[in-house]
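Here is input31.cif, consisting of mmCIF, C-alpha atoms:
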```cif
data_entry
loop_
_atom_site.group_PDB
_atom_site.id
_atom_site.type_symbol
_atom_site.label_atom_id
_atom_site.label_comp_id
_atom_site.auth_asym_id
_atom_site.auth_seq_id
_atom_site.Cartn_x
_atom_site.Cartn_y
_atom_site.Cartn_z
ATOM 1 C CA MET A 1 14.651 16.354 -13.935
ATOM 2 C CA LEU A 2 16.140 13.057 -12.747
ATOM 3 C CA LYS A 3 19.841 12.945 -12.032
ATOM 4 C CA ILE A 4 21.891 10.565 -14.135
ATOM 5 C CA TYR A 5 22.494 8.499 -11.001
ATOM 6 C CA ARG A 6 18.775 8.160 -10.330
ATOM 7 C CA LEU A 7 18.123 7.264 -13.956
ATOM 8 C CA LEU A 8 20.695 4.488 -13.734
ATOM 9 C CA ASN A 9 19.035 3.314 -10.536
ATOM 10 C CA LEU A 10 15.692 3.103 -12.285
ATOM 11 C CA LEU A 11 17.234 0.985 -15.030
ATOM 12 C CA LEU A 12 19.386 -1.268 -12.869
ATOM 13 C CA ILE A 13 17.324 -1.761 -9.741
ATOM 14 C CA PRO A 14 14.590 -3.991 -11.250
ATOM 15 C CA VAL A 15 17.199 -6.349 -12.701
ATOM 16 C CA LEU A 16 19.343 -6.523 -9.573
ATOM 17 C CA SER A 17 16.294 -6.782 -7.343
ATOM 18 C CA PHE A 18 15.160 -9.850 -9.279
ATOM 19 C CA ILE A 19 18.575 -11.443 -8.774
ATOM 20 C CA LEU A 20 18.543 -10.728 -5.042
ATOM 21 C CA LEU A 21 14.979 -11.914 -4.731
ATOM 22 C CA SER A 22 15.887 -15.190 -6.429
ATOM 23 C CA ASN A 23 18.885 -15.713 -4.152
ATOM 24 C CA CYS A 24 17.515 -14.534 -0.840
ATOM 25 C CA GLY A 25 13.757 -14.844 -0.944
ATOM 26 C CA LYS A 26 13.496 -11.369 0.572
ATOM 27 C CA LEU A 27 13.719 -8.082 -1.261
ATOM 28 C CA GLY A 28 16.088 -5.501 0.154
ATOM 29 C CA LEU A 29 16.479 -6.983 3.644
ATOM 30 C CA LYS A 30 19.526 -8.467 5.348
ATOM 31 C CA ASN A 31 19.310 -11.246 7.892
ATOM 32 C CA THR A 32 20.124 -9.086 10.918
ATOM 33 C CA ASP A 33 20.244 -12.136 13.208
ATOM 34 C CA ASN A 34 23.236 -13.482 11.303
ATOM 35 C CA ASN A 35 25.048 -10.173 10.853
ATOM 36 C CA SER A 36 24.852 -8.735 14.351
ATOM 37 C CA PRO A 37 26.759 -9.867 17.452
ATOM 38 C CA SER A 38 24.630 -11.265 20.280
ATOM 39 C CA SER A 39 25.421 -8.164 22.359
ATOM 40 C CA CYS A 40 23.749 -5.826 19.851
ATOM 41 C CA ILE A 41 20.585 -3.981 20.774
ATOM 42 C CA GLU A 42 17.497 -4.821 18.724
ATOM 43 C CA PHE A 43 14.699 -2.763 17.259
ATOM 44 C CA SER A 44 11.162 -3.748 16.303
ATOM 45 C CA GLY A 45 9.188 -2.318 13.446
ATOM 46 C CA PRO A 46 8.371 -0.665 11.299
ATOM 47 C CA GLU A 47 5.333 1.084 12.676
ATOM 48 C CA ILE A 48 3.778 3.381 10.089
ATOM 49 C CA MET A 49 3.293 6.688 11.901
ATOM 50 C CA GLY A 50 1.700 8.494 8.952
ATOM 51 C CA SER A 51 2.748 9.919 5.620
ATOM 52 C CA VAL A 52 4.383 13.174 4.572
ATOM 53 C CA GLU A 53 1.477 15.547 4.015
ATOM 54 C CA SER A 54 3.106 18.329 1.990
ATOM 55 C CA ASP A 55 3.018 18.090 -1.803
ATOM 56 C CA LEU A 56 6.222 20.141 -1.842
ATOM 57 C CA ILE A 57 8.288 17.342 -0.289
ATOM 58 C CA ASP A 58 8.854 14.824 -3.072
ATOM 59 C CA GLU A 59 12.557 13.966 -2.691
ATOM 60 C CA ALA A 60 13.159 13.855 1.059
ATOM 61 C CA SER A 61 16.920 13.497 1.207
ATOM 62 C CA GLY A 62 17.586 14.172 4.881
ATOM 63 C CA LEU A 63 15.818 13.850 8.221
ATOM 64 C CA SER A 64 16.533 15.092 11.726
ATOM 65 C CA ALA A 65 14.566 15.082 14.966
ATOM 66 C CA SER A 66 14.357 18.518 16.539
ATOM 67 C CA ARG A 67 16.469 19.048 19.658
ATOM 68 C CA LYS A 68 14.418 22.110 20.561
ATOM 69 C CA ASN A 69 10.808 21.308 19.664
ATOM 70 C CA SER A 70 9.081 18.198 20.995
ATOM 71 C CA GLY A 71 7.526 15.980 18.331
ATOM 72 C CA VAL A 72 9.028 17.848 15.349
ATOM 73 C CA LEU A 73 11.081 16.528 12.425
ATOM 74 C CA TRP A 74 13.109 18.514 9.895
ATOM 75 C CA THR A 75 13.589 17.511 6.265
ATOM 76 C CA HIS A 76 14.470 18.952 2.853
ATOM 77 C CA ASN A 77 14.393 18.008 -0.797
ATOM 78 C CA ASP A 78 17.315 16.860 -2.897
ATOM 79 C CA SER A 79 18.923 18.970 -5.627
ATOM 80 C CA GLY A 80 16.713 21.106 -7.833
ATOM 81 C CA ASP A 81 14.560 22.522 -5.073
ATOM 82 C CA GLN A 82 14.717 25.972 -3.538
ATOM 83 C CA PRO A 83 17.030 26.457 -0.532
ATOM 84 C CA ARG A 84 14.433 25.601 2.110
ATOM 85 C CA ILE A 85 13.726 23.141 4.884
ATOM 86 C CA PHE A 86 10.411 21.784 6.096
ATOM 87 C CA ALA A 87 9.029 21.069 9.549
ATOM 88 C CA LEU A 88 6.606 18.215 10.094
ATOM 89 C CA ASN A 89 5.322 16.359 13.113
ATOM 90 C CA LEU A 90 5.771 12.674 13.847
ATOM 91 C CA THR A 91 2.719 11.704 11.799
ATOM 92 C CA GLY A 92 3.850 13.730 8.784
ATOM 93 C CA GLU A 93 1.565 16.754 9.160
ATOM 94 C CA HIS A 94 3.003 19.864 7.496
ATOM 95 C CA LEU A 95 4.098 22.517 10.017
ATOM 96 C CA GLY A 96 6.040 25.003 7.958
ATOM 97 C CA ILE A 97 8.494 26.075 5.276
ATOM 98 C CA PHE A 98 11.690 27.883 6.228
ATOM 99 C CA ASN A 99 13.471 29.605 3.333
ATOM 100 C CA LEU A 100 17.223 30.074 3.721
ATOM 101 C CA LEU A 101 17.988 33.460 2.200
ATOM 102 C CA ASN A 102 21.326 33.890 0.417
ATOM 103 C CA ALA A 103 21.761 30.107 0.243
ATOM 104 C CA GLU A 104 21.793 27.724 -2.718
ATOM 105 C CA ASN A 105 20.603 24.154 -3.110
ATOM 106 C CA ASN A 106 23.271 22.749 -5.374
ATOM 107 C CA ASP A 107 22.825 19.201 -4.072
ATOM 108 C CA TRP A 108 21.416 19.088 -0.538
ATOM 109 C CA GLU A 109 21.776 15.565 0.839
ATOM 110 C CA ASP A 110 21.392 15.560 4.636
ATOM 111 C CA ILE A 111 20.372 17.608 7.662
ATOM 112 C CA ALA A 112 21.592 17.363 11.251
ATOM 113 C CA ALA A 113 20.859 19.019 14.581
ATOM 114 C CA GLY A 114 23.639 19.949 16.953
ATOM 115 C CA PRO A 115 25.512 22.555 18.961
ATOM 116 C CA GLY A 116 26.998 25.717 17.515
ATOM 117 C CA PRO A 117 28.890 28.862 18.392
ATOM 118 C CA VAL A 118 26.540 29.868 21.239
ATOM 119 C CA GLU A 119 26.663 27.404 24.120
ATOM 120 C CA GLY A 120 23.362 25.818 25.065
ATOM 121 C CA VAL A 121 21.668 26.867 21.799
ATOM 122 C CA GLN A 122 20.507 24.352 19.190
ATOM 123 C CA TYR A 123 21.413 24.714 15.518
ATOM 124 C CA LEU A 124 20.506 22.999 12.265
ATOM 125 C CA TYR A 125 23.116 22.018 9.690
ATOM 126 C CA ILE A 126 22.177 21.356 6.056
ATOM 127 C CA GLY A 127 24.717 19.520 3.921
ATOM 128 C CA ASP A 128 25.157 20.723 0.334
ATOM 129 C CA ILE A 129 27.549 17.814 -0.137
ATOM 130 C CA GLY A 130 26.245 15.756 -3.074
ATOM 131 C CA ASP A 131 28.487 15.392 -6.095
ATOM 132 C CA ASN A 132 27.386 12.616 -8.441
ATOM 133 C CA SER A 133 29.936 13.579 -11.082
ATOM 134 C CA ASN A 134 32.782 14.091 -8.564
ATOM 135 C CA ASP A 135 33.725 17.496 -9.941
ATOM 136 C CA ARG A 136 33.002 19.997 -7.161
ATOM 137 C CA SER A 137 36.035 21.930 -5.948
ATOM 138 C CA SER A 138 34.337 22.621 -2.631
ATOM 139 C CA ILE A 139 31.217 21.697 -0.699
ATOM 140 C CA SER A 140 29.132 23.646 1.798
ATOM 141 C CA VAL A 141 27.247 23.125 5.025
ATOM 142 C CA TYR A 142 24.672 25.741 5.981
ATOM 143 C CA ARG A 143 24.195 26.477 9.684
ATOM 144 C CA MET A 144 21.227 28.258 11.227
ATOM 145 C CA LEU A 145 19.556 28.623 14.598
ATOM 146 C CA GLU A 146 16.860 26.014 14.977
ATOM 147 C CA PRO A 147 13.483 27.785 14.704
ATOM 148 C CA ALA A 148 10.718 27.397 17.289
ATOM 149 C CA VAL A 149 7.935 25.141 16.015
ATOM 150 C CA ASP A 150 4.922 23.607 17.753
ATOM 151 C CA GLN A 151 3.932 20.096 16.709
ATOM 152 C CA ASP A 152 0.257 21.122 16.513
ATOM 153 C CA GLN A 153 0.621 24.489 14.785
ATOM 154 C CA THR A 154 -0.927 25.610 11.509
ATOM 155 C CA ALA A 155 1.659 25.583 8.735
ATOM 156 C CA ILE A 156 3.690 28.774 8.341
ATOM 157 C CA THR A 157 6.259 30.144 5.897
ATOM 158 C CA ILE A 158 9.250 32.068 7.257
ATOM 159 C CA ASP A 159 12.358 33.565 5.631
ATOM 160 C CA ILE A 160 15.622 33.002 7.514
ATOM 161 C CA SER A 161 18.360 35.526 6.822
ATOM 162 C CA ASP A 162 20.805 34.562 9.594
ATOM 163 C CA VAL A 163 22.475 31.633 7.841
ATOM 164 C CA ASP A 164 26.186 30.758 7.932
ATOM 165 C CA LYS A 165 27.806 29.106 4.926
ATOM 166 C CA LEU A 166 30.621 26.813 6.047
ATOM 167 C CA GLU A 167 32.759 25.982 3.007
ATOM 168 C CA MET A 168 34.907 22.859 2.959
ATOM 169 C CA GLN A 169 37.342 21.106 0.661
ATOM 170 C CA TYR A 170 38.605 17.554 0.576
ATOM 171 C CA PRO A 171 42.352 16.925 0.996
ATOM 172 C CA ASP A 172 44.615 17.189 -2.057
ATOM 173 C CA GLY A 173 41.880 18.743 -4.182
ATOM 174 C CA GLN A 174 39.953 15.475 -4.400
ATOM 175 C CA ALA A 175 36.197 15.347 -5.005
ATOM 176 C CA TYR A 176 33.739 12.851 -3.536
ATOM 177 C CA ASP A 177 30.033 12.207 -3.627
ATOM 178 C CA ALA A 178 28.535 12.235 -0.127
ATOM 179 C CA GLU A 179 25.032 11.980 1.314
ATOM 180 C CA THR A 180 25.714 11.722 5.040
ATOM 181 C CA LEU A 181 26.242 14.658 7.393
ATOM 182 C CA LEU A 182 26.842 14.164 11.130
ATOM 183 C CA VAL A 183 27.297 16.753 13.873
ATOM 184 C CA ASP A 184 28.770 15.493 17.138
ATOM 185 C CA PRO A 185 26.676 16.798 20.075
ATOM 186 C CA VAL A 186 29.693 16.371 22.366
ATOM 187 C CA SER A 187 32.472 18.128 20.432
ATOM 188 C CA GLY A 188 30.498 20.054 17.812
ATOM 189 C CA ASP A 189 32.700 18.526 15.085
ATOM 190 C CA ILE A 190 31.165 18.053 11.636
ATOM 191 C CA PHE A 191 31.598 14.667 9.920
ATOM 192 C CA ILE A 192 30.948 13.771 6.287
ATOM 193 C CA VAL A 193 30.739 10.155 5.125
ATOM 194 C CA THR A 194 31.258 9.596 1.415
ATOM 195 C CA LYS A 195 28.949 7.479 -0.729
ATOM 196 C CA ASN A 196 30.891 4.567 -2.174
ATOM 197 C CA THR A 197 29.698 1.307 -3.730
ATOM 198 C CA SER A 198 33.105 -0.376 -3.456
ATOM 199 C CA GLY A 199 32.550 -1.377 0.162
ATOM 200 C CA SER A 200 34.494 1.342 1.971
ATOM 201 C CA SER A 201 33.269 4.896 2.526
ATOM 202 C CA ILE A 202 35.694 7.535 3.775
ATOM 203 C CA VAL A 203 34.921 9.539 6.915
ATOM 204 C CA PHE A 204 36.061 13.181 6.984
ATOM 205 C CA ARG A 205 36.022 15.610 9.917
ATOM 206 C CA ASN A 206 35.816 19.376 10.236
ATOM 207 C CA PRO A 207 36.701 20.106 13.879
ATOM 208 C CA ALA A 208 34.814 22.769 15.815
ATOM 209 C CA PRO A 209 34.643 25.711 16.119
ATOM 210 C CA HIS A 210 33.394 26.567 12.628
ATOM 211 C CA THR A 211 33.455 29.962 10.968
ATOM 212 C CA SER A 212 32.326 31.186 7.572
ATOM 213 C CA ASP A 213 35.497 33.172 6.982
ATOM 214 C CA THR A 214 37.404 30.650 4.891
ATOM 215 C CA ALA A 215 37.156 27.201 3.331
ATOM 216 C CA VAL A 216 38.398 24.450 5.645
ATOM 217 C CA VAL A 217 40.328 21.422 4.376
ATOM 218 C CA LEU A 218 38.656 18.354 5.808
ATOM 219 C CA GLU A 219 40.642 15.743 7.729
ATOM 220 C CA GLU A 220 40.339 12.077 6.778
ATOM 221 C CA VAL A 221 39.723 10.175 10.023
ATOM 222 C CA GLY A 222 38.426 6.745 9.088
ATOM 223 C CA ALA A 223 36.484 4.459 6.792
ATOM 224 C CA ILE A 224 33.441 2.224 7.057
ATOM 225 C CA GLY A 225 31.497 -0.105 4.788
ATOM 226 C CA LEU A 226 28.036 -1.633 4.995
ATOM 227 C CA GLY A 227 28.574 -4.044 2.091
ATOM 228 C CA THR A 228 29.907 -4.197 -1.444
ATOM 229 C CA SER A 229 26.868 -3.792 -3.687
ATOM 230 C CA LEU A 230 25.260 -0.698 -5.168
ATOM 231 C CA PHE A 231 22.556 -0.971 -2.523
ATOM 232 C CA ASP A 232 25.072 -0.862 0.352
ATOM 233 C CA ALA A 233 26.304 2.661 -0.430
ATOM 234 C CA ILE A 234 25.821 4.883 2.627
ATOM 235 C CA THR A 235 23.020 7.374 2.006
ATOM 236 C CA ALA A 236 22.249 8.918 5.422
ATOM 237 C CA GLY A 237 23.158 8.946 9.087
ATOM 238 C CA ASP A 238 22.558 10.485 12.484
ATOM 239 C CA ILE A 239 24.048 10.718 15.971
ATOM 240 C CA SER A 240 21.896 10.315 19.067
ATOM 241 C CA ALA A 241 21.367 13.464 21.115
ATOM 242 C CA ASP A 242 23.531 12.097 23.939
ATOM 243 C CA GLY A 243 26.335 11.343 21.473
ATOM 244 C CA LYS A 244 26.519 7.658 22.415
ATOM 245 C CA LYS A 245 25.271 6.054 19.204
ATOM 246 C CA ILE A 246 25.717 6.560 15.464
ATOM 247 C CA ILE A 247 23.314 5.193 12.870
ATOM 248 C CA LEU A 248 24.188 4.867 9.185
ATOM 249 C CA ARG A 249 21.929 3.575 6.445
ATOM 250 C CA SER A 250 22.099 2.420 2.854
ATOM 251 C CA TYR A 251 19.317 1.513 0.445
ATOM 252 C CA SER A 252 19.200 -2.018 1.846
ATOM 253 C CA ASN A 253 20.288 -1.946 5.494
ATOM 254 C CA ALA A 254 21.422 0.119 8.460
ATOM 255 C CA VAL A 255 23.958 -0.209 11.255
ATOM 256 C CA ILE A 256 24.336 1.258 14.720
ATOM 257 C CA LEU A 257 27.765 1.975 16.190
ATOM 258 C CA ASP A 258 28.460 2.506 19.875
ATOM 259 C CA ARG A 259 30.520 5.529 20.851
ATOM 260 C CA ASP A 260 32.439 6.199 24.065
ATOM 261 C CA ILE A 261 31.727 9.883 24.710
ATOM 262 C CA SER A 262 35.054 10.236 26.502
ATOM 263 C CA ALA A 263 36.767 9.450 23.174
ATOM 264 C CA GLU A 264 36.799 11.082 19.759
ATOM 265 C CA LEU A 265 33.758 10.161 17.684
ATOM 266 C CA ASP A 266 35.807 8.878 14.758
ATOM 267 C CA SER A 267 37.033 5.931 16.866
ATOM 268 C CA ALA A 268 33.494 4.483 16.670
ATOM 269 C CA PHE A 269 33.716 3.890 12.915
ATOM 270 C CA SER A 270 36.169 1.026 13.447
ATOM 271 C CA GLY A 271 33.975 -0.592 16.104
ATOM 272 C CA ILE A 272 31.375 -3.345 15.982
ATOM 273 C CA LYS A 273 28.577 -2.799 13.472
ATOM 274 C CA CYS A 274 25.163 -3.855 14.732
ATOM 275 C CA PHE A 275 22.756 -4.300 11.824
ATOM 276 C CA VAL A 276 19.244 -2.950 12.303
ATOM 277 C CA PRO A 277 16.254 -2.957 9.926
ATOM 278 C CA VAL A 278 15.087 -0.325 7.462
ATOM 279 C CA ASN A 279 12.490 -2.619 5.831
ATOM 280 C CA GLU A 280 12.378 -0.960 2.423
ATOM 281 C CA SER A 281 12.551 -2.698 -0.916
ATOM 282 C CA LEU A 282 15.343 -1.885 -3.316
ATOM 283 C CA LEU A 283 12.767 -0.286 -5.592
ATOM 284 C CA GLN A 284 12.536 2.525 -3.044
ATOM 285 C CA GLN A 285 15.220 5.196 -2.715
ATOM 286 C CA GLY A 286 15.874 5.561 1.004
ATOM 287 C CA GLU A 287 18.179 8.453 1.863
ATOM 288 C CA SER A 288 16.932 9.584 5.277
ATOM 289 C CA ILE A 289 17.188 8.355 8.855
ATOM 290 C CA ALA A 290 16.940 10.041 12.254
ATOM 291 C CA PHE A 291 17.192 8.975 15.882
ATOM 292 C CA ASP A 292 14.377 9.872 18.259
ATOM 293 C CA LEU A 293 15.333 12.586 20.715
ATOM 294 C CA ASP A 294 15.719 9.990 23.488
ATOM 295 C CA GLY A 295 17.659 7.599 21.251
ATOM 296 C CA LYS A 296 15.191 4.757 21.846
ATOM 297 C CA GLY A 297 14.010 4.581 18.259
ATOM 298 C CA TYR A 298 14.589 5.916 14.781
ATOM 299 C CA THR A 299 12.537 7.018 11.785
ATOM 300 C CA THR A 300 13.103 6.515 8.060
ATOM 301 C CA VAL A 301 11.463 8.044 5.015
ATOM 302 C CA ILE A 302 12.006 7.404 1.306
ATOM 303 C CA GLU A 303 11.992 9.765 -1.660
ATOM 304 C CA GLY A 304 8.789 10.248 -3.638
ATOM 305 C CA PRO A 305 5.407 11.921 -3.075
ATOM 306 C CA HIS A 306 3.765 11.429 0.337
ATOM 307 C CA PRO A 307 6.085 8.697 1.618
ATOM 308 C CA SER A 308 5.345 6.848 4.848
ATOM 309 C CA LEU A 309 7.145 7.704 8.074
ATOM 310 C CA LYS A 310 8.429 4.359 9.328
ATOM 311 C CA HIS A 311 9.374 4.155 12.995
ATOM 312 C CA TYR A 312 11.475 1.488 14.733
ATOM 313 C CA SER A 313 11.456 1.078 18.516
ATOM 314 C CA LEU A 314 14.122 -0.276 20.857
ATOM 315 C CA ILE A 315 13.242 -3.704 22.235
ATOM 316 C CA ASN A 316 13.712 -3.622 26.006
#
```
Take the structure in the file and write it out as structure tokens.
Amino acid sequence: MLKIYRLLNLLLIPVLSFILLSNCGKLGLKNTDNNSPSSCIEFSGPEIMGSVESDLIDEASGLSASRKNSGVLWTHNDSGDQPRIFALNLTGEHLGIFNLLNAENNDWEDIAAGPGPVEGVQYLYIGDIGDNSNDRSSISVYRMLEPAVDQDQTAITIDISDVDKLEMQYPDGQAYDAETLLVDPVSGDIFIVTKNTSGSSIVFRNPAPHTSDTAVVLEEVGAIGLGTSLFDAITAGDISADGKKIILRSYSNAVILDRDISAELDSAFSGIKCFVPVNESLLQQGESIAFDLDGKGYTTVIEGPHPSLKHYSLIN
């Protein structure tokens, strides 16, 4: 069943797309040359790497490059699916289903890789953070050890019982819709960026270490906007494995922020925004983006059956 928000999108997007097309001559793309400082890095693309093979992935709402397994991506469906994540390789071939036992998919919106309680071990974090009606009293992030996967393996199905539920609340009992989960590879802090069409999304932090003993009240640490239209609402993000860059995307564009790893990550949200392409029309619901492991490129995927994996490469 479609969410009310998606139904509104289906009704509004054709009309607004026509208006933008009439004004700009391009559908769903910003002029990155005019919006980015001359010092910004540039990316070419997209290169179509393949398409998502699995029929079970029809609302890919998060994407993360494995920090443990070369050539592997992690994704999951939006709300309504079982509590499970999927492994696929860089061309979209299906590698496996990993069921999170004792977890719930209320509204899963993003996935991130990062450090955890055991030093030197890689973890996955799945954000049950969506709240279209702004009525959830708390949100959750599930944490699990990143499984071992080979990029050429035959697809497998595995049940994961060792899953931590990290419960969080916004300050003053407020509720927000959010689709972006970030885990800082330097500090281990968890960041949530709200989804807001007014032009300013709030950034919240849950400082490490994280335990499942009690709900943590998130700390508001900043704000960032990509624009003021419906299509500029922030729908996904990622941090490079070295912690030096943050990427955030909306339906229509994406930005990269530089981060000084000697400083707190939240200081980057007030820095220079370098616009980079996502090259998707506004008729497509793009809610996923992930840096390559080496940070020299990024991949996007839209919702829907068998979407293309679009890759963008750093221009040297």
| Nearby residues (all atoms listed in the file) at most 7 Å from Ser51 in chain A, same-chain spacing under 4 positions excluded, as a ChimeraX atom specification | /A:91-92,306-309
| task | Fewer than 2 positions away in the same chain doesn't count, so skip those; otherwise give me all residues within 10 Å of Glu47 in chain A, counting all atoms listed in the file, as a PyMOL selection string. | result | chain A and resi 44-45+49-50+299+308-313
| request: Identify all residues satisfying the PyMOL selection byres ((chain A and resi 93) around 9) in the given file; provide them as an MDAnalysis selection string. | output: chainID A and resid 50:54 87:92 94:95 151:152 155
| message | Give me, as number ranges by chain, all polymer residues having an atom no more than 6 Å from Thr194 in chain A, counting all atoms listed in the file and skipping those fewer than 6 positions away in the same chain. | response | A: 177-178, 201-202
| message | Using Å and a single decimal, report how far CA of Glu104 in chain A sits from CA of Pro117 in chain A. | response | 22.3 Å
| Surrounding residues of Gln174 in chain A excluding itself and chain neighbours under 5 positions, 9 Å, all atoms listed in the file, as an MDAnalysis selection string | chainID A and resid 134:137 169
Can I get range 287-301 of chain A with N, CA and C atoms filled in, as a PDB file, keeping the file's coordinate frame?
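The resulting file, part.pdb, is shown below:
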```pdb
ATOM      1  N   GLU A 287      17.013   7.608   1.611  1.00  0.00           N
ATOM      2  CA  GLU A 287      18.179   8.453   1.863  1.00  0.00           C
ATOM      3  C   GLU A 287      18.013   9.273   3.135  1.00  0.00           C
ATOM      4  N   SER A 288      17.171   8.815   4.065  1.00  0.00           N
ATOM      5  CA  SER A 288      16.932   9.584   5.277  1.00  0.00           C
ATOM      6  C   SER A 288      16.777   8.660   6.475  1.00  0.00           C
ATOM      7  N   ILE A 289      17.356   9.082   7.604  1.00  0.00           N
ATOM      8  CA  ILE A 289      17.188   8.355   8.855  1.00  0.00           C
ATOM      9  C   ILE A 289      17.488   9.300  10.009  1.00  0.00           C
ATOM     10  N   ALA A 290      16.749   9.148  11.112  1.00  0.00           N
ATOM     11  CA  ALA A 290      16.940  10.041  12.254  1.00  0.00           C
ATOM     12  C   ALA A 290      16.601   9.327  13.546  1.00  0.00           C
ATOM     13  N   PHE A 291      17.478   9.464  14.547  1.00  0.00           N
ATOM     14  CA  PHE A 291      17.192   8.975  15.882  1.00  0.00           C
ATOM     15  C   PHE A 291      16.065   9.790  16.509  1.00  0.00           C
ATOM     16  N   ASP A 292      15.279   9.135  17.375  1.00  0.00           N
ATOM     17  CA  ASP A 292      14.377   9.872  18.259  1.00  0.00           C
ATOM     18  C   ASP A 292      15.221  10.718  19.202  1.00  0.00           C
ATOM     19  N   LEU A 293      14.603  11.711  19.809  1.00  0.00           N
ATOM     20  CA  LEU A 293      15.333  12.586  20.715  1.00  0.00           C
ATOM     21  C   LEU A 293      15.929  11.813  21.884  1.00  0.00           C
ATOM     22  N   ASP A 294      15.212  10.773  22.368  1.00  0.00           N
ATOM     23  CA  ASP A 294      15.719   9.990  23.488  1.00  0.00           C
ATOM     24  C   ASP A 294      16.599   8.826  23.057  1.00  0.00           C
ATOM     25  N   GLY A 295      16.797   8.651  21.750  1.00  0.00           N
ATOM     26  CA  GLY A 295      17.659   7.599  21.251  1.00  0.00           C
ATOM     27  C   GLY A 295      17.075   6.209  21.309  1.00  0.00           C
ATOM     28  N   LYS A 296      15.799   6.078  21.682  1.00  0.00           N
ATOM     29  CA  LYS A 296      15.191   4.757  21.846  1.00  0.00           C
ATOM     30  C   LYS A 296      14.438   4.294  20.599  1.00  0.00           C
ATOM     31  N   GLY A 297      14.635   4.964  19.517  1.00  0.00           N
ATOM     32  CA  GLY A 297      14.010   4.581  18.259  1.00  0.00           C
ATOM     33  C   GLY A 297      14.578   5.431  17.142  1.00  0.00           C
ATOM     34  N   TYR A 298      14.167   5.113  15.925  1.00  0.00           N
ATOM     35  CA  TYR A 298      14.589   5.916  14.781  1.00  0.00           C
ATOM     36  C   TYR A 298      13.511   5.862  13.713  1.00  0.00           C
ATOM     37  N   THR A 299      13.532   6.868  12.837  1.00  0.00           N
ATOM     38  CA  THR A 299      12.537   7.018  11.785  1.00  0.00           C
ATOM     39  C   THR A 299      13.220   7.063  10.433  1.00  0.00           C
ATOM     40  N   THR A 300      12.609   6.442   9.428  1.00  0.00           N
ATOM     41  CA  THR A 300      13.103   6.515   8.060  1.00  0.00           C
ATOM     42  C   THR A 300      11.998   7.027   7.153  1.00  0.00           C
ATOM     43  N   VAL A 301      12.403   7.598   6.035  1.00  0.00           N
ATOM     44  CA  VAL A 301      11.463   8.044   5.015  1.00  0.00           C
ATOM     45  C   VAL A 301      12.164   7.922   3.670  1.00  0.00           C
TER      46      VAL A 301
END
```
